[in-house]
Amino acid sequence: MVSFFQDPLRPIMTAVQEEGMSSTLALVPTLAVPSTEDYPGQHALKLEFPQNGTAKSVTCTYSPDLNKLFCQFAKTCSVIIRVQSAAPSGAVVRAVAVYKKSEHVAEVLRRCPHHERSEHEDDFAPRNHLIRVQGTSQAYYSEDANGRHSACVPYEVPQVGSQCTVLLLSYMCNTVCVDGMNRQPIMTIITLESKEGLLLGRRCFEVRICACPGQNRRAEEENLQKKEEKTKEGGGDLHVQGTVLPTCPSVFPLLDHIPDLCFPLRVGEGSQAL
Ligand SMILES: [Zn+2]
């Protein structure tokens, strides 16, 4: 049994369900209100997303201008994790979903009762968890002392010739679900943690789970543009982002569909400092 440093403020999490792994895997902050402030840390953690555009058929697309991922229910979304220096061995990547608005952020985000009961399940994740990690048998799911859900996966060192690893997430409820998210905007917090549970880096992005990701991204970007134009007319300060990064080779065989261009996550924008 591996033992970990135990900080009294960060009690050991219980892995709710996992096949063939030890029941205690990492420590996690149990703050009532998790931080959604970006923190690149010493490894310069950065997230990138495939450039999927806004076609009608797209099932998952990321808007750099909004720092927002639009995706369909249960569809796989690639989140590309890049670090400038190697993370220590045994590091863990954790995904946590939280409500974006300050009046709801303390509430635990869980699936709506309808989807929790649905027959869609084909994995071993707890049924009330919103986020699933796909494409790996090493994912595990846990709850902290406040009942907040995490989906975790051991951090994989990029393969030779590659500089990034890819996290495959899927969201198992819709933003409009009654008795669930109830149209409230949510954020996903991705943290890189050492095996002792120390925070090495944090990045956040907003998520909308909907039937028409491409269409909704386009509409929200247009709204933002209109707002920015209004601000401009009013003499406000604004800027437009459109940086595209060079090739990011995928490391999982099933990720060969990732296009050659990736959007960078906007540093320090679109997330709430709490
Ligand atoms: Zn639902």
# chains A, B, ... in the order shown; residues from 1 in each chain; ligands from 1
>>> residues_near_ligand(ligand="ligand 1", cutoff="6 Å", atoms="only C-alpha atoms and all ligand atoms", output="mmCIF file with N, CA and C atoms, in the first residue's frame")
data_model
loop_
_atom_site.group_PDB
_atom_site.id
_atom_site.type_symbol
_atom_site.label_atom_id
_atom_site.label_comp_id
_atom_site.auth_asym_id
_atom_site.auth_seq_id
_atom_site.Cartn_x
_atom_site.Cartn_y
_atom_site.Cartn_z
ATOM 1 N N ARG A 111 -25.162 15.120 -11.748
ATOM 2 C CA ARG A 111 -26.096 14.905 -12.844
ATOM 3 C C ARG A 111 -27.537 15.059 -12.376
ATOM 4 N N CYS A 112 -28.407 15.339 -13.337
ATOM 5 C CA CYS A 112 -29.828 15.444 -13.003
ATOM 6 C C CYS A 112 -30.353 14.033 -12.722
ATOM 7 N N HIS A 114 -32.799 12.418 -13.896
ATOM 8 C CA HIS A 114 -33.172 11.682 -15.112
ATOM 9 C C HIS A 114 -31.952 10.974 -15.716
ATOM 10 N N HIS A 115 -30.875 11.712 -15.911
ATOM 11 C CA HIS A 115 -29.689 11.096 -16.511
ATOM 12 C C HIS A 115 -28.992 10.130 -15.558
ATOM 13 N N CYS A 173 -24.546 15.043 -18.850
ATOM 14 C CA CYS A 173 -25.809 15.728 -18.577
ATOM 15 C C CYS A 173 -25.826 16.930 -19.518
ATOM 16 N N ASN A 174 -26.978 17.516 -19.716
ATOM 17 C CA ASN A 174 -27.050 18.724 -20.532
ATOM 18 C C ASN A 174 -27.166 19.962 -19.646
ATOM 19 N N CYS A 177 -30.622 20.675 -18.326
ATOM 20 C CA CYS A 177 -31.338 19.656 -17.555
ATOM 21 C C CYS A 177 -32.001 20.231 -16.299
ATOM 22 N N GLY A 180 -30.932 19.567 -12.589
ATOM 23 C CA GLY A 180 -29.503 19.326 -12.714
ATOM 24 C C GLY A 180 -28.842 20.690 -12.802
#
>>> closest_atom_pairs(of="stretch 71-180 of chain A", to="stretch 36-40 of chain A", cutoff="12 Å", atoms="only C-alpha atoms", output="Markdown table")
| residue | atom | partner | partner_atom | distance |
| --- | --- | --- | --- | --- |
| A:Ile81 | CA | A:Pro40 | CA | 11.4 |
| A:Arg82 | CA | A:Pro40 | CA | 10.3 |
| A:Val83 | CA | A:Pro40 | CA | 8.8 |
| A:Gln84 | CA | A:Pro40 | CA | 9.9 |
| A:Ser85 | CA | A:Pro40 | CA | 11.5 |
| A:Ala95 | CA | A:Thr36 | CA | 11.8 |
| A:Val96 | CA | A:Thr36 | CA | 10.2 |
| A:Ala97 | CA | A:Thr36 | CA | 10.1 |
| A:Val98 | CA | A:Thr36 | CA | 8.7 |
| A:Tyr99 | CA | A:Thr36 | CA | 10.1 |
| A:Lys100 | CA | A:Thr36 | CA | 8.6 |
| A:Lys101 | CA | A:Thr36 | CA | 11.0 |
| A:Ser102 | CA | A:Thr36 | CA | 10.9 |
| A:Val105 | CA | A:Thr36 | CA | 10.0 |
>>> atom_distance(atom1="atom CA of A:Thr188", atom2="atom CA of A:Ile131")
9.1 Å
>>> residues_around(residues="stretch 74-80 of chain A", least_positions_apart="2", cutoff="6 Å", atoms="only C-alpha atoms", output="PDB file with C-alpha atoms, in the first residue's frame")
ATOM      1  CA  LEU A  47      -4.528  23.465 -22.117  1.00  0.00           C
ATOM      2  CA  GLU A  48      -5.264  23.422 -25.796  1.00  0.00           C
ATOM      3  CA  PHE A  49      -8.198  22.194 -27.799  1.00  0.00           C
ATOM      4  CA  GLN A  72     -22.886  17.278 -26.917  1.00  0.00           C
ATOM      5  CA  THR A 165      -0.769  14.405 -23.540  1.00  0.00           C
ATOM      6  CA  VAL A 166      -4.448  14.271 -24.215  1.00  0.00           C
ATOM      7  CA  LEU A 167      -7.260  13.987 -21.720  1.00  0.00           C
ATOM      8  CA  LEU A 168     -10.526  12.682 -23.115  1.00  0.00           C
ATOM      9  CA  LEU A 169     -13.539  13.985 -21.249  1.00  0.00           C
ATOM     10  CA  SER A 170     -17.234  13.486 -21.705  1.00  0.00           C
ATOM     11  CA  TYR A 171     -20.088  15.238 -19.953  1.00  0.00           C
ATOM     12  CA  MET A 172     -23.053  13.127 -18.969  1.00  0.00           C
TER      13      MET A 172
END
>>> select_by_dssp(residues="stretch 66-229 of chain A", states="alpha helix (DSSP H)", output="JSON, numbers by chain")
{"A": [113, 114, 115, 116, 117, 213, 214, 215, 216, 217, 218, 219, 220, 221, 222, 223, 224, 225, 226, 227, 228, 229]}
>>> closest_residue(among="A:Val178, A:Val33, A:Cys71, A:Cys204", to="A:Lys56", atoms="only C-alpha atoms")
A:Cys71
>>> closest_atom_pairs(of="stretch 54-127 of chain A", to="stretch 149-156 of chain A", cutoff="9 Å", atoms="only C-alpha atoms", output="Markdown table")
| residue | atom | partner | partner_atom | distance |
| --- | --- | --- | --- | --- |
| A:Ala87 | CA | A:Tyr155 | CA | 8.1 |
| A:Ser89 | CA | A:Tyr155 | CA | 8.2 |
| A:Gly90 | CA | A:Pro154 | CA | 6.7 |
| A:Ala91 | CA | A:Tyr155 | CA | 5.3 |
| A:Val92 | CA | A:Pro154 | CA | 4.4 |
| A:Val93 | CA | A:Val153 | CA | 5.4 |
| A:Arg94 | CA | A:Cys152 | CA | 4.4 |
| A:Ala95 | CA | A:Ala151 | CA | 5.2 |
| A:Val96 | CA | A:Ser150 | CA | 5.0 |
| A:Ala97 | CA | A:His149 | CA | 7.6 |
| A:Val108 | CA | A:His149 | CA | 7.7 |
| A:Leu109 | CA | A:His149 | CA | 7.6 |
| A:Arg110 | CA | A:His149 | CA | 7.7 |
| A:Ala125 | CA | A:Ala151 | CA | 8.8 |
>>> atom_distance(atom1="atom CA of A:Asn146", atom2="atom CA of A:Leu198")
18.7 Å
>>> select_by_dssp(residues="stretch 50-158 of chain A", states="strand (DSSP E or B)", output="MDAnalysis selection string")
chainID A and resid 50 60:63 68:71 77:82 92:99 131:134 140:143 149:154
>>> closest_residue(among="A:Ala86, A:Ala55, A:Met181, A:Gln163", to="A:Leu130", atoms="only C-alpha atoms")
A:Met181
